[in-house]
Amino acid sequence: MTLKLDIDSPLMQADFTFGVATAAFQIEGANTAEGRCESIWDKFCQQPGKVVNADDGAVACDHFHLWREDIDLIESLGVDAYRLSIAWPRIINPIDGSINAKGLAFYDNIINELNARNIKVFVTLYHWDLPQYLEDNGGWLNRDTVQAFVDYAEVISAHFKERIYSYCTFNEPWCSAYLGYQYAVHAPGKKSRKMGLQAAHHLLLAHGLAVPVIRRHCAEAQVGIVLNFTPGDSASNSPADLQATQIYNDYNSHWFIQPLMQGSYPSSIEQLYAEDLPVIEAGDLDQINVDIDYLGINFYTRAVVAAPDSNADELFQLVPQTDVEHTDIGWEVRPTALYTLLTELNRIYSLPPIYITENGAACDDHLLDGQVDDQQRCDYLQQHLLAVERAVREGVTIKGYFAWSLMDNFEWAEGYSKRFGIVYVDYQSQQRTLKKSAHNYRKLLNSRSFINR
Ligand code: FCB
């Protein structure tokens with residue numbers, strides 16, 4: 001399968017945005033350069049056993065030095081937009097809270113260059129790299145971190161204004177809160193449900209308080225948030241499995257989207273996990289329920305859910321699927337789940353326009369004679385684009401699609417062992433090579449009768 005959409009597909013029209021995405025910690029390296037302070041991920045990487053092969057972000061893709069070549073690469077793909085994140089630790093000085101001009105200058109260079117080339121700039125303010133000095137005071141468990149984020153968002157929006165087309169406050173608060181504070185598999189490596197729920201509330205609140213601040217500085221920019229969804233399907237039609245699946249979806253999906261869209265948390269979770277509920281102050285939920293211009297959705301896979309074993313701590317369990325296709329990171333390939341998710345969310349909520357801000361596959365890629373034949377990724381992208389197309393045809397407003405990722409990079413707890421790029425990175429030489437998927441993506445974008453840029 002190659003990448004192909006009908007010329008009259010809604011995705012092939014001039015108002016649909018195609019892009020590629022990255023995140024600061026995963027590509028930049030140079031993590032002590034020019035006054036950048038330590039982040040929770042720098043510290044987490046130093047802890048034995050936390051990251052595969054004890055990999056860290058010290059060099060990553062060396063994008064800090066190679067950004068200009070990387071923008072050439074992005075432009076060569078023919079994309080309309082590039083989604084990157086700004087590293088908070090590069091911007092605010094930990095000692096006195098002053099602004100690090102060198103940090104801003106680094107992103108000035110990148111953003112000005114993208115503007116000059118007519119590539120729309122989608123910036124994520126927080127893609128998981130909390131400054132360690134804030135974590136030392138409790139991180140996302142401490143309500144003061146909310147204000148620290150709002151101050152940082154103000155610095156960025158006042159400086160870049162509409163040079164940034166789209167501001168995203170947070171990438172995947174589910175991951176920051178639950179993987180970081182409940183399951184201990186991501187930084188900062190804390191472990192309790194109560195902490196996970198408290199961190200989630202503070203992340204959502206920080207979003208809600210930052211949106212009006214960003215708008216004050218950038219009336220024209222698009223402001224939103226990115227959520228990840230791994231929708232749960234019930235393992236059977238038994239009442240117990242169906243109920244467990246409902247709890248799974250309420251806990252993992254609706255706990256995040258419902259307060260954003262409706263200003264309330266799912267009552268099922270409030271009842272079931274009453275002892276673990278976060279501290280919520282009067283007015284918080286109204287703040288979280290602020291109007292946004294778009295919702296970003298990251299989608300990779302689904303989960304199959306069953307009732308838990310009798311002595312389990314959780315109220316649901318995940319059932320591994322054996323006879324189905326998986327990617328190299330062990331995630332089931334299930335494009336219909338993306339279609340169902342989009343139409344379901346559209347039915348339940350009154351959604352703002354949607355961007356698919358991440359979608360992609362990890363493959364065991366090899367560079368052979370200057371080529372990388374990542375057929376599985378090509379098929380994955382094609383199937384998911386068709387799922388998006390189908391949802392659009394059925395009335396879901398979707399304005400764009402970003403492939404994760406521009407290039408192979410530091411895949412968090414998996415280190416460099418998992419490759420998500422459409423461009424191959426040789427970490428020894430830092431050489432970039434377009435994989436078959438990148439060639440196909442470029443062909444697809446160039447086959448549009450309108451070229452957006
Ligand atoms: C998402 C993250 C992104 C990347 C992909 C594979 O959860 O936002 O940084 O790691 O998964």
# chains A, B, ... in the order shown; residues from 1 in each chain; ligands from 1
>>> closest_atom_pairs(of="chain A", to="ligand 1", cutoff="7 Å", atoms="only C-alpha atoms and all ligand atoms", output="CSV")
residue,atom,partner,partner_atom_place_in_ligand_line,distance
A:Ala23,CA,ligand 1,9 (O),6.1
A:Asn171,CA,ligand 1,8 (O),6.2
A:Glu172,CA,ligand 1,8 (O),6.2
A:Cys175,CA,ligand 1,7 (O),6.9
A:Asn228,CA,ligand 1,7 (O),6.8
A:Trp404,CA,ligand 1,5 (C),6.7
A:Glu411,CA,ligand 1,10 (O),5.2
A:Trp412,CA,ligand 1,10 (O),6.3
A:Phe420,CA,ligand 1,6 (C),6.7
>>> closest_atom_pairs(of="region 31-81 of chain A", to="region 111-128 of chain A", cutoff="12 Å", atoms="only C-alpha atoms", output="Markdown table")
| residue | atom | partner | partner_atom | distance |
| --- | --- | --- | --- | --- |
| A:Ser39 | CA | A:Trp128 | CA | 9.0 |
| A:Ile40 | CA | A:Trp128 | CA | 8.2 |
| A:Trp41 | CA | A:Trp128 | CA | 7.9 |
| A:Asp42 | CA | A:Trp128 | CA | 11.2 |
| A:Phe44 | CA | A:Trp128 | CA | 11.8 |
| A:Trp67 | CA | A:Glu113 | CA | 9.9 |
| A:Arg68 | CA | A:Glu113 | CA | 8.2 |
| A:Glu69 | CA | A:Glu113 | CA | 11.1 |
| A:Asp70 | CA | A:Leu114 | CA | 10.8 |
| A:Ile71 | CA | A:Leu114 | CA | 7.3 |
| A:Asp72 | CA | A:Arg117 | CA | 9.5 |
| A:Leu73 | CA | A:Leu114 | CA | 11.6 |
| A:Ile74 | CA | A:Ile119 | CA | 8.9 |
| A:Glu75 | CA | A:Ile119 | CA | 7.6 |
| A:Ser76 | CA | A:Arg117 | CA | 10.9 |
| A:Leu77 | CA | A:Ile119 | CA | 11.1 |
| A:Gly78 | CA | A:Ile119 | CA | 9.2 |
| A:Val79 | CA | A:Ile119 | CA | 7.3 |
| A:Asp80 | CA | A:Ile119 | CA | 5.4 |
| A:Ala81 | CA | A:Lys120 | CA | 4.3 |
>>> select_by_dssp(residues="region 53-286 of chain A", states="helix (DSSP H, G or I)", output="ChimeraX atom specification")
/A:53-54,63-76,88-91,101-116,132-135,139-141,144-163,173-182,193-217,239-262,267-272,274-276,284-286
>>> select_by_dssp(residues="region 239-373 of chain A", states="strand (DSSP E or B)", output="NGL selection string")
:A and (294-299 or 303-306 or 317-318 or 326 or 332 or 354-358 or 363 or 368 or 371)
>>> closest_residue(among="A:Gly57, A:Ser350, A:Glu314, A:Ala200", to="Gln262 (chain A)", atoms="only C-alpha atoms")
A:Ser350
>>> residues_around(residues="His65 (chain A)", least_positions_apart="3", cutoff="12 Å", atoms="only C-alpha atoms", output="PyMOL selection string")
chain A and resi 27-31+33+59-62+68-71+106+109-110+430
>>> closest_atom_pairs(of="region 263-349 of chain A", to="region 371-387 of chain A", cutoff="7 Å", atoms="only C-alpha atoms", output="JSON lines")
{"residue": "A:Pro335", "atom": "CA", "partner": "A:His384", "partner_atom": "CA", "distance": 5.2}
{"residue": "A:Thr336", "atom": "CA", "partner": "A:Ala387", "partner_atom": "CA", "distance": 6.3}
{"residue": "A:Leu338", "atom": "CA", "partner": "A:Ala387", "partner_atom": "CA", "distance": 6.4}
{"residue": "A:Tyr339", "atom": "CA", "partner": "A:Ala387", "partner_atom": "CA", "distance": 5.0}
>>> residues_around(residues="Ile91 (chain A)", least_positions_apart="6", cutoff="7 Å", atoms="only C-alpha atoms", output="PyMOL selection string")
chain A and resi 99-100+103-104
>>> atom_distance(atom1="CA of Asn346 (chain A)", atom2="CA of Val396 (chain A)")
6.4 Å
>>> closest_atom_pairs(of="region 155-273 of chain A", to="region 330-334 of chain A", cutoff="12 Å", atoms="only C-alpha atoms", output="CSV")
residue,atom,partner,partner_atom,distance
A:Thr230,CA,A:Trp331,CA,10.2
A:Pro231,CA,A:Arg334,CA,10.6
A:Gly232,CA,A:Arg334,CA,11.7
A:Asp233,CA,A:Arg334,CA,11.3
>>> write_last_selection(atoms="all heavy atoms", output="PDB file, in the first residue's frame")
ATOM      1  N   THR A 230      -6.610   6.271  24.093  1.00  0.00           N
ATOM      2  CA  THR A 230      -6.481   4.852  23.768  1.00  0.00           C
ATOM      3  C   THR A 230      -7.827   4.233  24.138  1.00  0.00           C
ATOM      4  O   THR A 230      -7.998   3.728  25.260  1.00  0.00           O
ATOM      5  CB  THR A 230      -5.331   4.197  24.565  1.00  0.00           C
ATOM      6  OG1 THR A 230      -4.119   4.892  24.266  1.00  0.00           O
ATOM      7  CG2 THR A 230      -5.153   2.728  24.186  1.00  0.00           C
ATOM      8  N   PRO A 231      -8.815   4.333  23.237  1.00  0.00           N
ATOM      9  CA  PRO A 231     -10.169   3.936  23.625  1.00  0.00           C
ATOM     10  C   PRO A 231     -10.252   2.460  23.983  1.00  0.00           C
ATOM     11  O   PRO A 231      -9.593   1.619  23.381  1.00  0.00           O
ATOM     12  CB  PRO A 231     -11.007   4.258  22.377  1.00  0.00           C
ATOM     13  CG  PRO A 231     -10.033   4.465  21.263  1.00  0.00           C
ATOM     14  CD  PRO A 231      -8.731   4.846  21.867  1.00  0.00           C
ATOM     15  N   GLY A 232     -11.065   2.177  24.988  1.00  0.00           N
ATOM     16  CA  GLY A 232     -11.214   0.793  25.435  1.00  0.00           C
ATOM     17  C   GLY A 232     -12.418   0.125  24.797  1.00  0.00           C
ATOM     18  O   GLY A 232     -13.510   0.697  24.780  1.00  0.00           O
ATOM     19  N   ASP A 233     -12.210  -1.076  24.274  1.00  0.00           N
ATOM     20  CA  ASP A 233     -13.311  -1.919  23.794  1.00  0.00           C
ATOM     21  C   ASP A 233     -13.470  -3.072  24.777  1.00  0.00           C
ATOM     22  O   ASP A 233     -12.474  -3.640  25.241  1.00  0.00           O
ATOM     23  CB  ASP A 233     -12.989  -2.510  22.408  1.00  0.00           C
ATOM     24  CG  ASP A 233     -12.959  -1.440  21.330  1.00  0.00           C
ATOM     25  OD1 ASP A 233     -13.657  -0.415  21.486  1.00  0.00           O
ATOM     26  OD2 ASP A 233     -12.229  -1.631  20.337  1.00  0.00           O
TER      27      ASP A 233
END
>>> closest_residue(among="A:Leu5, A:Val146, A:Val52, A:Ala199", to="Ser417 (chain A)", atoms="only C-alpha atoms")
A:Val52
>>> residues_around(residues="Thr357 (chain A)", least_positions_apart="3", cutoff="10 Å", atoms="only C-alpha atoms", output="list in words")
Phe18, Gly19, Val20, Ala21, Arg83, Phe122, Asn171, Ile225, Val226, Leu227, Asn228, Leu295, Gly296, Ile297, Asn298, Phe299, Ile354, Gly400, Tyr401, Phe402, Ala403 and Trp404 of chain A
>>> closest_residue(among="A:Cys168, A:Leu203, A:Ala101, A:Val290", to="Gln147 (chain A)", atoms="only C-alpha atoms")
A:Leu203
>>> closest_residue(among="A:Asp144, A:Asp291, A:Glu394, A:Asp56", to="Gly224 (chain A)", atoms="only C-alpha atoms")
A:Asp291
>>> closest_residue(among="A:Ser429, A:Ser85, A:Gln271, A:Ser264", to="Phe170 (chain A)", atoms="only C-alpha atoms")
A:Ser85
